[in-house]
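Participant: Below is the file entry-v3.pdb, which contains PDB, C-alpha atoms and all ligand atoms.
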MODEL        1
ATOM      1  CA  MET A   8      45.449 -39.727  51.185
ATOM      2  CA  SER A   9      43.742 -36.778  49.496
ATOM      3  CA  VAL A  10      40.029 -36.526  48.810
ATOM      4  CA  PRO A  11      39.091 -37.369  45.180
ATOM      5  CA  THR A  12      37.257 -34.775  43.103
ATOM      6  CA  LEU A  13      34.163 -35.096  40.945
ATOM      7  CA  THR A  14      33.877 -33.078  37.721
ATOM      8  CA  LEU A  15      30.565 -31.217  37.482
ATOM      9  CA  ASN A  16      28.631 -30.593  34.238
ATOM     10  CA  ASP A  17      30.311 -27.189  33.800
ATOM     11  CA  GLY A  18      33.838 -28.593  34.244
ATOM     12  CA  THR A  19      34.235 -27.429  37.879
ATOM     13  CA  LYS A  20      35.921 -29.937  40.187
ATOM     14  CA  ILE A  21      34.428 -30.517  43.643
ATOM     15  CA  PRO A  22      36.080 -32.577  46.416
ATOM     16  CA  GLN A  23      33.781 -35.543  47.029
ATOM     17  CA  LEU A  24      33.881 -35.068  50.804
ATOM     18  CA  GLY A  25      33.515 -31.778  52.639
ATOM     19  CA  LEU A  26      32.608 -30.409  56.063
ATOM     20  CA  GLY A  27      29.018 -29.341  56.791
ATOM     21  CA  VAL A  28      28.826 -26.435  59.226
ATOM     22  CA  TRP A  29      25.124 -26.182  60.080
ATOM     23  CA  GLN A  30      24.616 -25.516  63.820
ATOM     24  CA  MET A  31      28.090 -24.078  64.330
ATOM     25  CA  GLN A  32      28.127 -20.641  65.947
ATOM     26  CA  ASP A  33      29.753 -17.850  63.955
ATOM     27  CA  ASP A  34      32.362 -17.270  66.668
ATOM     28  CA  GLU A  35      33.318 -20.950  66.940
ATOM     29  CA  ALA A  36      33.494 -21.424  63.142
ATOM     30  CA  PRO A  37      37.056 -20.042  62.599
ATOM     31  CA  GLY A  38      38.566 -22.559  65.051
ATOM     32  CA  ILE A  39      36.589 -25.453  63.597
ATOM     33  CA  ILE A  40      37.540 -24.465  60.033
ATOM     34  CA  LEU A  41      41.232 -24.292  60.995
ATOM     35  CA  SER A  42      40.946 -27.725  62.567
ATOM     36  CA  ALA A  43      39.220 -29.101  59.435
ATOM     37  CA  LEU A  44      41.849 -27.627  57.105
ATOM     38  CA  ASN A  45      44.571 -29.204  59.272
ATOM     39  CA  ALA A  46      42.786 -32.549  58.992
ATOM     40  CA  GLY A  47      42.866 -32.258  55.173
ATOM     41  CA  TYR A  48      39.384 -30.881  54.394
ATOM     42  CA  ARG A  49      39.325 -28.614  51.334
ATOM     43  CA  HIS A  50      35.544 -28.278  50.953
ATOM     44  CA  ILE A  51      33.179 -26.439  53.313
ATOM     45  CA  ASP A  52      29.374 -26.316  53.071
ATOM     46  CA  THR A  53      27.725 -23.267  54.643
ATOM     47  CA  ALA A  54      24.588 -21.199  53.961
ATOM     48  CA  ALA A  55      23.264 -17.729  54.689
ATOM     49  CA  ALA A  56      20.703 -19.408  56.969
ATOM     50  CA  TYR A  57      23.438 -20.965  59.138
ATOM     51  CA  GLY A  58      24.572 -17.516  60.321
ATOM     52  CA  ASN A  59      28.251 -18.478  60.188
ATOM     53  CA  GLU A  60      29.487 -17.320  56.761
ATOM     54  CA  ALA A  61      31.664 -14.617  58.390
ATOM     55  CA  GLY A  62      33.269 -17.180  60.714
ATOM     56  CA  VAL A  63      33.870 -19.588  57.831
ATOM     57  CA  GLY A  64      35.519 -16.850  55.755
ATOM     58  CA  ARG A  65      37.649 -15.777  58.718
ATOM     59  CA  GLY A  66      38.802 -19.325  59.398
ATOM     60  CA  ILE A  67      39.960 -19.722  55.794
ATOM     61  CA  ALA A  68      41.616 -16.282  55.726
ATOM     62  CA  GLU A  69      43.499 -16.990  58.983
ATOM     63  CA  SER A  70      44.773 -20.381  57.781
ATOM     64  CA  ASP A  71      47.918 -21.164  55.782
ATOM     65  CA  VAL A  72      45.784 -22.702  53.027
ATOM     66  CA  PRO A  73      45.320 -20.394  50.017
ATOM     67  CA  ARG A  74      41.709 -19.411  49.285
ATOM     68  CA  GLU A  75      41.841 -21.044  45.818
ATOM     69  CA  GLU A  76      42.608 -24.442  47.397
ATOM     70  CA  VAL A  77      39.344 -24.491  49.374
ATOM     71  CA  PHE A  78      36.007 -25.245  47.718
ATOM     72  CA  VAL A  79      33.282 -23.228  49.481
ATOM     73  CA  THR A  80      29.529 -23.581  49.016
ATOM     74  CA  SER A  81      26.893 -21.181  50.280
ATOM     75  CA  LYS A  82      23.134 -21.021  49.718
ATOM     76  CA  LEU A  83      20.413 -18.506  48.976
ATOM     77  CA  TRP A  84      17.832 -18.519  51.763
ATOM     78  CA  ASN A  85      14.094 -18.741  51.112
ATOM     79  CA  ASP A  86      13.193 -15.156  51.988
ATOM     80  CA  ARG A  87      15.671 -13.818  49.397
ATOM     81  CA  GLN A  88      14.300 -15.583  46.339
ATOM     82  CA  GLY A  89      13.552 -13.632  43.133
ATOM     83  CA  TYR A  90      15.931 -12.094  40.564
ATOM     84  CA  ASP A  91      16.924  -8.793  42.227
ATOM     85  CA  ALA A  92      16.627 -10.136  45.764
ATOM     86  CA  ALA A  93      18.947 -13.042  44.944
ATOM     87  CA  LEU A  94      21.576 -10.694  43.460
ATOM     88  CA  ARG A  95      21.502  -8.599  46.638
ATOM     89  CA  ALA A  96      21.604 -11.671  48.905
ATOM     90  CA  PHE A  97      24.625 -12.964  47.003
ATOM     91  CA  ASP A  98      26.459  -9.658  47.575
ATOM     92  CA  GLU A  99      25.721  -9.953  51.306
ATOM     93  CA  THR A 100      26.999 -13.533  51.390
ATOM     94  CA  MET A 101      30.212 -12.470  49.664
ATOM     95  CA  GLY A 102      30.612  -9.549  52.077
ATOM     96  CA  LYS A 103      30.329 -11.922  55.032
ATOM     97  CA  LEU A 104      32.667 -14.541  53.564
ATOM     98  CA  GLY A 105      35.109 -11.813  52.483
ATOM     99  CA  PHE A 106      35.665 -13.550  49.129
ATOM    100  CA  ASP A 107      35.902 -12.182  45.605
ATOM    101  CA  TYR A 108      34.451 -15.371  44.108
ATOM    102  CA  LEU A 109      32.399 -18.310  45.405
ATOM    103  CA  ASP A 110      32.913 -21.924  44.317
ATOM    104  CA  LEU A 111      29.288 -23.069  44.487
ATOM    105  CA  TYR A 112      26.034 -21.208  45.192
ATOM    106  CA  LEU A 113      22.790 -23.122  45.688
ATOM    107  CA  ILE A 114      19.118 -22.178  45.896
ATOM    108  CA  HIS A 115      18.477 -23.674  49.351
ATOM    109  CA  TRP A 116      14.841 -24.800  48.870
ATOM    110  CA  PRO A 117      12.524 -24.617  45.829
ATOM    111  CA  MET A 118       9.646 -23.135  47.883
ATOM    112  CA  PRO A 119       7.113 -23.959  45.136
ATOM    113  CA  ALA A 120       4.360 -21.933  46.810
ATOM    114  CA  GLN A 121       6.453 -18.752  46.328
ATOM    115  CA  ASP A 122       7.017 -19.625  42.652
ATOM    116  CA  ARG A 123      10.207 -17.555  42.441
ATOM    117  CA  TYR A 124      12.863 -20.232  41.947
ATOM    118  CA  VAL A 125      13.117 -19.760  38.161
ATOM    119  CA  ASP A 126      13.838 -16.042  38.652
ATOM    120  CA  SER A 127      16.367 -16.882  41.375
ATOM    121  CA  TRP A 128      17.993 -19.370  39.000
ATOM    122  CA  LYS A 129      18.283 -16.662  36.292
ATOM    123  CA  ALA A 130      20.146 -14.476  38.825
ATOM    124  CA  LEU A 131      22.560 -17.334  39.580
ATOM    125  CA  ILE A 132      23.142 -17.853  35.840
ATOM    126  CA  ARG A 133      24.035 -14.164  35.520
ATOM    127  CA  LEU A 134      26.413 -14.296  38.501
ATOM    128  CA  ARG A 135      28.161 -17.290  37.005
ATOM    129  CA  GLU A 136      28.473 -15.563  33.617
ATOM    130  CA  GLU A 137      30.023 -12.589  35.411
ATOM    131  CA  GLY A 138      32.641 -14.917  36.911
ATOM    132  CA  ARG A 139      31.545 -14.341  40.512
ATOM    133  CA  ILE A 140      30.562 -17.997  41.051
ATOM    134  CA  ARG A 141      32.370 -21.048  39.639
ATOM    135  CA  ALA A 142      29.371 -23.424  39.732
ATOM    136  CA  ILE A 143      25.666 -22.976  40.414
ATOM    137  CA  GLY A 144      23.190 -25.496  41.713
ATOM    138  CA  VAL A 145      20.158 -26.177  43.848
ATOM    139  CA  SER A 146      19.166 -28.009  46.989
ATOM    140  CA  ASN A 147      16.029 -29.962  47.820
ATOM    141  CA  PHE A 148      14.711 -29.669  44.241
ATOM    142  CA  LEU A 149      12.299 -32.408  43.146
ATOM    143  CA  PRO A 150      12.332 -33.733  39.550
ATOM    144  CA  ASP A 151       9.548 -31.383  38.373
ATOM    145  CA  HIS A 152      11.430 -28.346  39.749
ATOM    146  CA  LEU A 153      14.584 -29.427  37.893
ATOM    147  CA  GLU A 154      12.652 -29.996  34.643
ATOM    148  CA  ARG A 155      11.154 -26.523  34.918
ATOM    149  CA  LEU A 156      14.580 -24.877  35.317
ATOM    150  CA  LEU A 157      15.739 -26.687  32.210
ATOM    151  CA  ASP A 158      12.606 -25.883  30.201
ATOM    152  CA  GLU A 159      12.662 -22.196  31.079
ATOM    153  CA  THR A 160      16.406 -21.438  31.028
ATOM    154  CA  GLY A 161      18.065 -24.338  29.159
ATOM    155  CA  LYS A 162      20.640 -24.527  31.971
ATOM    156  CA  ALA A 163      20.797 -27.549  34.274
ATOM    157  CA  PRO A 164      22.118 -27.129  37.834
ATOM    158  CA  ALA A 165      25.605 -28.571  38.370
ATOM    159  CA  ILE A 166      24.463 -30.242  41.584
ATOM    160  CA  ASN A 167      21.376 -30.932  43.704
ATOM    161  CA  GLN A 168      22.053 -31.206  47.451
ATOM    162  CA  ILE A 169      19.399 -33.478  48.985
ATOM    163  CA  GLU A 170      18.759 -35.492  52.136
ATOM    164  CA  LEU A 171      20.531 -38.826  51.591
ATOM    165  CA  HIS A 172      21.666 -41.453  54.113
ATOM    166  CA  PRO A 173      21.294 -45.249  54.465
ATOM    167  CA  TYR A 174      17.695 -44.957  55.676
ATOM    168  CA  PHE A 175      16.703 -42.557  52.858
ATOM    169  CA  GLN A 176      18.660 -43.391  49.728
ATOM    170  CA  GLN A 177      16.771 -41.437  47.047
ATOM    171  CA  ALA A 178      17.356 -43.945  44.233
ATOM    172  CA  LYS A 179      14.693 -42.463  41.922
ATOM    173  CA  GLN A 180      15.902 -38.912  42.435
ATOM    174  CA  ARG A 181      19.488 -40.045  41.728
ATOM    175  CA  GLU A 182      18.324 -41.627  38.472
ATOM    176  CA  VAL A 183      16.769 -38.333  37.377
ATOM    177  CA  HIS A 184      19.977 -36.494  38.254
ATOM    178  CA  ALA A 185      22.064 -38.947  36.223
ATOM    179  CA  LYS A 186      19.765 -38.496  33.213
ATOM    180  CA  LEU A 187      20.029 -34.692  33.433
ATOM    181  CA  GLY A 188      23.794 -34.624  34.125
ATOM    182  CA  ILE A 189      23.327 -33.261  37.653
ATOM    183  CA  ALA A 190      25.631 -34.425  40.476
ATOM    184  CA  THR A 191      24.024 -35.560  43.742
ATOM    185  CA  GLU A 192      25.239 -34.201  47.075
ATOM    186  CA  CYS A 193      24.105 -35.772  50.365
ATOM    187  CA  TRP A 194      22.911 -33.648  53.276
ATOM    188  CA  SER A 195      22.618 -35.203  56.729
ATOM    189  CA  PRO A 196      24.763 -38.005  55.246
ATOM    190  CA  LEU A 197      25.024 -39.723  58.655
ATOM    191  CA  GLY A 198      21.289 -39.383  59.233
ATOM    192  CA  GLN A 199      22.230 -36.828  61.942
ATOM    193  CA  GLY A 200      23.817 -39.698  63.851
ATOM    194  CA  GLU A 201      20.751 -41.968  63.730
ATOM    195  CA  ALA A 202      22.324 -44.598  61.469
ATOM    196  CA  LEU A 203      25.515 -44.984  63.478
ATOM    197  CA  SER A 204      24.364 -47.825  65.706
ATOM    198  CA  ASP A 205      22.817 -49.852  62.891
ATOM    199  CA  PRO A 206      23.892 -53.518  63.376
ATOM    200  CA  ILE A 207      24.575 -54.106  59.656
ATOM    201  CA  LEU A 208      26.733 -51.004  59.391
ATOM    202  CA  THR A 209      28.635 -51.714  62.601
ATOM    203  CA  GLU A 210      29.241 -55.302  61.481
ATOM    204  CA  ILE A 211      30.616 -54.200  58.095
ATOM    205  CA  ALA A 212      32.706 -51.572  59.882
ATOM    206  CA  SER A 213      34.270 -54.143  62.215
ATOM    207  CA  ARG A 214      35.613 -56.085  59.183
ATOM    208  CA  TYR A 215      37.790 -53.103  58.256
ATOM    209  CA  GLY A 216      38.571 -51.732  61.715
ATOM    210  CA  LYS A 217      36.442 -48.714  60.759
ATOM    211  CA  SER A 218      33.389 -46.998  62.290
ATOM    212  CA  ALA A 219      29.800 -47.065  61.011
ATOM    213  CA  ALA A 220      30.208 -43.375  60.075
ATOM    214  CA  GLN A 221      33.199 -44.245  57.896
ATOM    215  CA  VAL A 222      31.282 -47.062  56.203
ATOM    216  CA  ILE A 223      28.367 -44.737  55.389
ATOM    217  CA  LEU A 224      30.637 -42.050  53.951
ATOM    218  CA  ARG A 225      32.610 -44.643  51.968
ATOM    219  CA  TRP A 226      29.322 -46.039  50.579
ATOM    220  CA  GLN A 227      28.326 -42.544  49.411
ATOM    221  CA  VAL A 228      31.710 -41.935  47.777
ATOM    222  CA  GLN A 229      31.592 -45.317  46.015
ATOM    223  CA  LEU A 230      28.123 -44.413  44.678
ATOM    224  CA  GLY A 231      29.749 -41.368  43.043
ATOM    225  CA  LEU A 232      28.043 -38.878  45.388
ATOM    226  CA  VAL A 233      29.368 -35.789  47.143
ATOM    227  CA  THR A 234      29.014 -35.895  50.934
ATOM    228  CA  ILE A 235      29.305 -33.246  53.657
ATOM    229  CA  PRO A 236      29.245 -34.764  57.159
ATOM    230  CA  LYS A 237      29.153 -32.248  59.994
ATOM    231  CA  SER A 238      31.404 -32.574  62.992
ATOM    232  CA  ALA A 239      32.607 -29.922  65.377
ATOM    233  CA  ASN A 240      34.918 -32.428  67.069
ATOM    234  CA  HIS A 241      38.488 -32.741  65.798
ATOM    235  CA  ASP A 242      38.754 -36.526  66.261
ATOM    236  CA  ARG A 243      35.431 -37.240  64.532
ATOM    237  CA  MET A 244      36.348 -34.817  61.744
ATOM    238  CA  ARG A 245      39.560 -36.799  61.161
ATOM    239  CA  GLU A 246      37.627 -40.057  61.359
ATOM    240  CA  ASN A 247      35.162 -38.874  58.705
ATOM    241  CA  ILE A 248      37.865 -37.978  56.190
ATOM    242  CA  SER A 249      39.810 -41.233  56.765
ATOM    243  CA  ILE A 250      37.811 -43.295  54.277
ATOM    244  CA  PHE A 251      40.136 -43.495  51.307
ATOM    245  CA  ASP A 252      42.172 -46.511  52.457
ATOM    246  CA  PHE A 253      39.493 -49.209  52.181
ATOM    247  CA  GLU A 254      36.852 -50.320  49.682
ATOM    248  CA  LEU A 255      33.415 -51.863  50.248
ATOM    249  CA  THR A 256      32.648 -54.972  48.215
ATOM    250  CA  GLU A 257      29.649 -55.224  45.893
ATOM    251  CA  ALA A 258      27.989 -57.504  48.450
ATOM    252  CA  GLU A 259      28.467 -54.893  51.188
ATOM    253  CA  MET A 260      27.139 -52.146  48.909
ATOM    254  CA  ALA A 261      24.062 -54.356  48.339
ATOM    255  CA  GLN A 262      23.636 -54.948  52.092
ATOM    256  CA  ILE A 263      23.610 -51.174  52.678
ATOM    257  CA  LYS A 264      21.149 -50.713  49.805
ATOM    258  CA  GLY A 265      18.822 -53.004  51.756
ATOM    259  CA  LEU A 266      18.637 -50.483  54.635
ATOM    260  CA  ASP A 267      16.624 -48.011  52.549
ATOM    261  CA  SER A 268      13.199 -47.156  53.927
ATOM    262  CA  ALA A 269      10.217 -45.390  52.336
ATOM    263  CA  ASP A 270       9.617 -43.386  55.515
ATOM    264  CA  GLY A 271      13.267 -42.737  56.387
ATOM    265  CA  ARG A 272      13.147 -38.998  55.693
ATOM    266  CA  ILE A 273      14.254 -36.930  58.718
ATOM    267  CA  GLY A 274      14.055 -33.419  57.256
ATOM    268  CA  PRO A 275      11.197 -31.482  55.645
ATOM    269  CA  ASP A 276       9.556 -32.685  52.406
ATOM    270  CA  PRO A 277      10.532 -30.190  49.651
ATOM    271  CA  ALA A 278       7.065 -30.459  48.073
ATOM    272  CA  THR A 279       5.408 -28.973  51.138
ATOM    273  CA  ALA A 280       8.219 -27.276  53.101
ATOM    274  CA  ASP A 281       7.184 -23.716  53.832
ATOM    275  CA  PHE A 282       9.484 -21.695  56.077
TER     276      PHE A 282
HETATM  277  N1  LIG B 301      20.647 -28.267  52.039
HETATM  278  C1  LIG B 301      19.955 -28.542  53.120
HETATM  279  O1  LIG B 301      18.743 -28.330  53.192
HETATM  280  C2  LIG B 301      20.639 -29.108  54.295
HETATM  281  C3  LIG B 301      22.010 -29.137  54.317
HETATM  282  N2  LIG B 301      22.681 -29.675  55.375
HETATM  283  C4  LIG B 301      24.154 -29.722  55.294
HETATM  284  O2  LIG B 301      24.594 -31.055  55.545
HETATM  285  C5  LIG B 301      25.532 -31.033  56.629
HETATM  286  C6  LIG B 301      25.508 -32.341  57.396
HETATM  287  O3  LIG B 301      24.218 -32.629  57.861
HETATM  288  P1  LIG B 301      23.810 -32.624  59.418
HETATM  289  O4  LIG B 301      22.349 -32.410  59.481
HETATM  290  O5  LIG B 301      24.677 -31.693  60.118
HETATM  291  O6  LIG B 301      23.999 -34.117  59.882
HETATM  292  P2  LIG B 301      25.085 -35.308  59.750
HETATM  293  O7  LIG B 301      24.372 -36.453  59.157
HETATM  294  O8  LIG B 301      26.325 -34.815  59.122
HETATM  295  O9  LIG B 301      25.336 -35.672  61.274
HETATM  296  C7  LIG B 301      25.927 -34.761  62.161
HETATM  297  C8  LIG B 301      25.843 -35.339  63.571
HETATM  298  O10 LIG B 301      26.605 -36.542  63.652
HETATM  299  C9  LIG B 301      27.660 -36.380  64.618
HETATM  300  N3  LIG B 301      28.849 -37.019  64.048
HETATM  301  C10 LIG B 301      29.606 -36.599  63.005
HETATM  302  N4  LIG B 301      30.584 -37.480  62.732
HETATM  303  C11 LIG B 301      30.457 -38.480  63.630
HETATM  304  C12 LIG B 301      31.184 -39.672  63.860
HETATM  305  N5  LIG B 301      32.228 -40.003  63.106
HETATM  306  N6  LIG B 301      30.780 -40.481  64.882
HETATM  307  C13 LIG B 301      29.728 -40.143  65.670
HETATM  308  N7  LIG B 301      29.002 -39.016  65.485
HETATM  309  C14 LIG B 301      29.358 -38.200  64.480
HETATM  310  C15 LIG B 301      27.820 -34.894  64.822
HETATM  311  O11 LIG B 301      28.245 -34.582  66.130
HETATM  312  P3  LIG B 301      29.662 -33.841  66.457
HETATM  313  O12 LIG B 301      29.647 -32.507  65.773
HETATM  314  O13 LIG B 301      29.637 -33.733  67.943
HETATM  315  O14 LIG B 301      30.751 -34.751  65.961
HETATM  316  C16 LIG B 301      26.389 -34.403  64.605
HETATM  317  O15 LIG B 301      25.623 -34.582  65.772
HETATM  318  C17 LIG B 301      25.099 -29.811  57.438
HETATM  319  O16 LIG B 301      26.080 -29.413  58.362
HETATM  320  C18 LIG B 301      24.835 -28.830  56.333
HETATM  321  O17 LIG B 301      26.049 -28.306  55.844
HETATM  322  C19 LIG B 301      22.000 -30.222  56.437
HETATM  323  C20 LIG B 301      20.631 -30.188  56.487
HETATM  324  C21 LIG B 301      19.840 -29.618  55.415
HETATM  325  O1  LIG B 302      20.299 -26.612  55.599
HETATM  326  C1  LIG B 302      19.434 -26.583  56.434
HETATM  327  C2  LIG B 302      19.650 -26.655  57.867
HETATM  328  O2  LIG B 302      19.084 -25.568  58.505
HETATM  329  C3  LIG B 302      17.783 -25.126  58.093
HETATM  330  C4  LIG B 302      16.922 -24.778  59.247
HETATM  331  O3  LIG B 302      17.534 -23.826  60.060
HETATM  332  C5  LIG B 302      17.159 -26.134  57.198
HETATM  333  O4  LIG B 302      15.922 -25.720  56.768
HETATM  334  C6  LIG B 302      18.047 -26.278  56.053
HETATM  335  O5  LIG B 302      17.614 -27.117  55.068
ENDMDL
END
Please render this file's structure as structure tokens.
Ligand SMILES: NC(=O)C1=CN([C@@H]2O[C@H](COP(=O)(O)OP(=O)(O)OC[C@H]3O[C@@H](n4cnc5c(N)ncnc54)[C@H](OP(=O)(O)O)[C@@H]3O)[C@@H](O)[C@H]2O)C=CC1
Ligand SMILES: O=C1CO[C@H](CO)[C@@H](O)[C@@H]1O
Facilitator:
Amino acid sequence: MSVPTLTLNDGTKIPQLGLGVWQMQDDEAPGIILSALNAGYRHIDTAAAYGNEAGVGRGIAESDVPREEVFVTSKLWNDRQGYDAALRAFDETMGKLGFDYLDLYLIHWPMPAQDRYVDSWKALIRLREEGRIRAIGVSNFLPDHLERLLDETGKAPAINQIELHPYFQQAKQREVHAKLGIATECWSPLGQGEALSDPILTEIASRYGKSAAQVILRWQVQLGLVTIPKSANHDRMRENISIFDFELTEAEMAQIKGLDSADGRIGPDPATADF
């Protein structure tokens, strides 16, 4: 069963489930990408900061899958923010990936103390107008950062990639996204493994002969989110994409909603993150 796509506010289609590749070494990335493409993945999430763009590009180039059938995201790292710096960083990313266009480029963190994200956003708008990027977006942007992009450029991001898992569900942030026409993408969708032994999730999973990981990813897809679980293991990669043959009931969706926690964040807080 193939992965459904979501249509972004600029008309671009993104597969709702992709492979996250943070913490994969550049030299192991080609093999992992080949394995993911064989398992049916057509969406890969990398970043300049992950140090594996070259390996990701090589894996795609060495596969039998045409470049245009794979949706690839990369991200602008914090020390390259600003208009000219972002243009140069994008060229470097493209050189490493070996692509002539990118599907999605994100500003990785707002870094409000630097106050350069509006200029970075203007560079991304230009790159999209030039046809070098299909869709542009952001990551870890809070509502006031999104409002400022809109106020100063009139252009809303297609997507905001944020921490989102059963213990940190971001309902308010999702509401803001819906109002502004911005899709929500979940990073650390499995809570970096923390949520996988949750008794409610394992109980729901047992009803379908599925795993807790599959229930979490199915929950995210049914919420209309994009999700990018990371696995470097072929069996778990296959497991994570095998979620399109069952459906959670409304009662199960409500049970999972009940797992949300005010202090469930595992990554940095975008308001104060400074790195
Ligand atoms: N924009 C941002 O700021 C951020 C973006 N990201 C993106 O999100 C992606 C995913 O987030 P990440 O932090 O990696 O965490 P995830 O929530 O995807 O969890 C990954 C961990 O879970 C394990 N795992 C994966 N599938 C299963 C399974 N079916 N059963 C048991 N264990 C499993 C993996 O191990 P194994 O590999 O051994 O299977 C790994 O240890 C990243 O790779 C990156 O692309 C992440 C953090 C921040
Ligand atoms: O995507 C991410 C994972 O790696 C980075 C750290 O090296 C994080 O800061 C970032 O948000």
Participant: Tell me which protein, DNA and RNA residues are within 8 Å of Ile189 in chain A, counting all atoms listed in the file, leaving out same-chain ones fewer than 4 positions away, and put them as a list in words.
Facilitator: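 In the requested form, the answer reads Leu15, Asn16, Ala163, Pro164, Ala165, Ile166, Asn167, His184 and Ala185 of chain A.
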Participant: Calculated over only C-alpha atoms and all ligand atoms, which of the candidates A:Gly27, A:Gly188, A:Gly62, A:Gly144 has the smallest distance to ligand LIG 302 (chain B)?
Facilitator: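 The shortest atom-to-atom distance to ligand LIG 302 (chain B) comes from A:Gly27.
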Participant: Need the shell around Gly102 in chain A: protein/DNA/RNA residues with any atom at most 12 Å away, counting only C-alpha atoms. Skip same-chain ones fewer than 2 positions apart. Format as a PyMOL selection string?
Facilitator: chain A and resi 55+60-62+64-65+95-100+104-109
Participant: Which residues are near range 32-44 of chain A? Cut-off 12 Å, all atoms listed in the file, ignore same chain within fewer than 5 positions. Put them as a PyMOL selection string.
Facilitator: chain A and resi 24-27+49-74+76-79+103-104+236-248
Participant: Just need the box for ligand LIG 301 (chain B), edges along x, y and z, holding every atom the file lists for it with 6 Å tacked onto each side, so centre and edge lengths in Å to one decimal, as JSON.
Facilitator:
{"center_x": 25.5, "center_y": -34.4, "center_z": 60.0, "size_x": 25.5, "size_y": 24.2, "size_z": 27.9}
Participant: Show me, as a VMD selection string, the residues that have an atom within 12 Å of Ala220 in chain A when counting all atoms listed in the file, minus same-chain residues fewer than 3 positions from it.
Facilitator: chain A and resid 172 to 173 195 to 205 208 to 209 211 to 213 216 to 217 223 to 227 234 236 to 238 243 to 250
Participant: Those residues you just picked out, can you put them in a file as a JSON list (two decimals), keeping the file's coordinate frame with C-alpha atoms?
Facilitator:
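Saved result, part.json, follows:
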[["chain", "number", "residue", "atom", "x", "y", "z"],
["A", 172, "HIS", "CA", 21.67, -41.45, 54.11],
["A", 173, "PRO", "CA", 21.29, -45.25, 54.46],
["A", 195, "SER", "CA", 22.62, -35.20, 56.73],
["A", 196, "PRO", "CA", 24.76, -38.01, 55.25],
["A", 197, "LEU", "CA", 25.02, -39.72, 58.66],
["A", 198, "GLY", "CA", 21.29, -39.38, 59.23],
["A", 199, "GLN", "CA", 22.23, -36.83, 61.94],
["A", 200, "GLY", "CA", 23.82, -39.70, 63.85],
["A", 201, "GLU", "CA", 20.75, -41.97, 63.73],
["A", 202, "ALA", "CA", 22.32, -44.60, 61.47],
["A", 203, "LEU", "CA", 25.52, -44.98, 63.48],
["A", 204, "SER", "CA", 24.36, -47.82, 65.71],
["A", 205, "ASP", "CA", 22.82, -49.85, 62.89],
["A", 208, "LEU", "CA", 26.73, -51.00, 59.39],
["A", 209, "THR", "CA", 28.64, -51.71, 62.60],
["A", 211, "ILE", "CA", 30.62, -54.20, 58.10],
["A", 212, "ALA", "CA", 32.71, -51.57, 59.88],
["A", 213, "SER", "CA", 34.27, -54.14, 62.22],
["A", 216, "GLY", "CA", 38.57, -51.73, 61.72],
["A", 217, "LYS", "CA", 36.44, -48.71, 60.76],
["A", 223, "ILE", "CA", 28.37, -44.74, 55.39],
["A", 224, "LEU", "CA", 30.64, -42.05, 53.95],
["A", 225, "ARG", "CA", 32.61, -44.64, 51.97],
["A", 226, "TRP", "CA", 29.32, -46.04, 50.58],
["A", 227, "GLN", "CA", 28.33, -42.54, 49.41],
["A", 234, "THR", "CA", 29.01, -35.90, 50.93],
["A", 236, "PRO", "CA", 29.24, -34.76, 57.16],
["A", 237, "LYS", "CA", 29.15, -32.25, 59.99],
["A", 238, "SER", "CA", 31.40, -32.57, 62.99],
["A", 243, "ARG", "CA", 35.43, -37.24, 64.53],
["A", 244, "MET", "CA", 36.35, -34.82, 61.74],
["A", 245, "ARG", "CA", 39.56, -36.80, 61.16],
["A", 246, "GLU", "CA", 37.63, -40.06, 61.36],
["A", 247, "ASN", "CA", 35.16, -38.87, 58.70],
["A", 248, "ILE", "CA", 37.86, -37.98, 56.19],
["A", 249, "SER", "CA", 39.81, -41.23, 56.76],
["A", 250, "ILE", "CA", 37.81, -43.30, 54.28]]
Participant: Give me range 112-119 of chain A with N, CA and C atoms filled in, as a short mmCIF file (atom, residue, chain, number, x, y, z; two decimals), keeping the file's coordinate frame.
Facilitator:
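The result, written out as result_26.cif:
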data_model
loop_
_atom_site.label_atom_id
_atom_site.label_comp_id
_atom_site.auth_asym_id
_atom_site.auth_seq_id
_atom_site.Cartn_x
_atom_site.Cartn_y
_atom_site.Cartn_z
N TYR A 112 27.16 -21.91 44.54
CA TYR A 112 26.03 -21.21 45.19
C TYR A 112 24.78 -21.99 44.85
N LEU A 113 23.99 -22.30 45.87
CA LEU A 113 22.79 -23.12 45.69
C LEU A 113 21.54 -22.35 46.09
N ILE A 114 20.44 -22.61 45.40
CA ILE A 114 19.12 -22.18 45.90
C ILE A 114 18.75 -23.21 46.97
N HIS A 115 18.55 -22.75 48.21
CA HIS A 115 18.48 -23.67 49.35
C HIS A 115 17.24 -24.59 49.29
N TRP A 116 16.08 -24.02 48.99
CA TRP A 116 14.84 -24.80 48.87
C TRP A 116 14.04 -24.27 47.68
N PRO A 117 13.29 -25.13 46.99
CA PRO A 117 12.52 -24.62 45.83
C PRO A 117 11.38 -23.70 46.25
N MET A 118 10.78 -23.94 47.41
CA MET A 118 9.65 -23.14 47.88
C MET A 118 8.60 -22.95 46.78
N PRO A 119 8.02 -24.06 46.29
CA PRO A 119 7.11 -23.96 45.14
C PRO A 119 5.94 -23.00 45.34
#
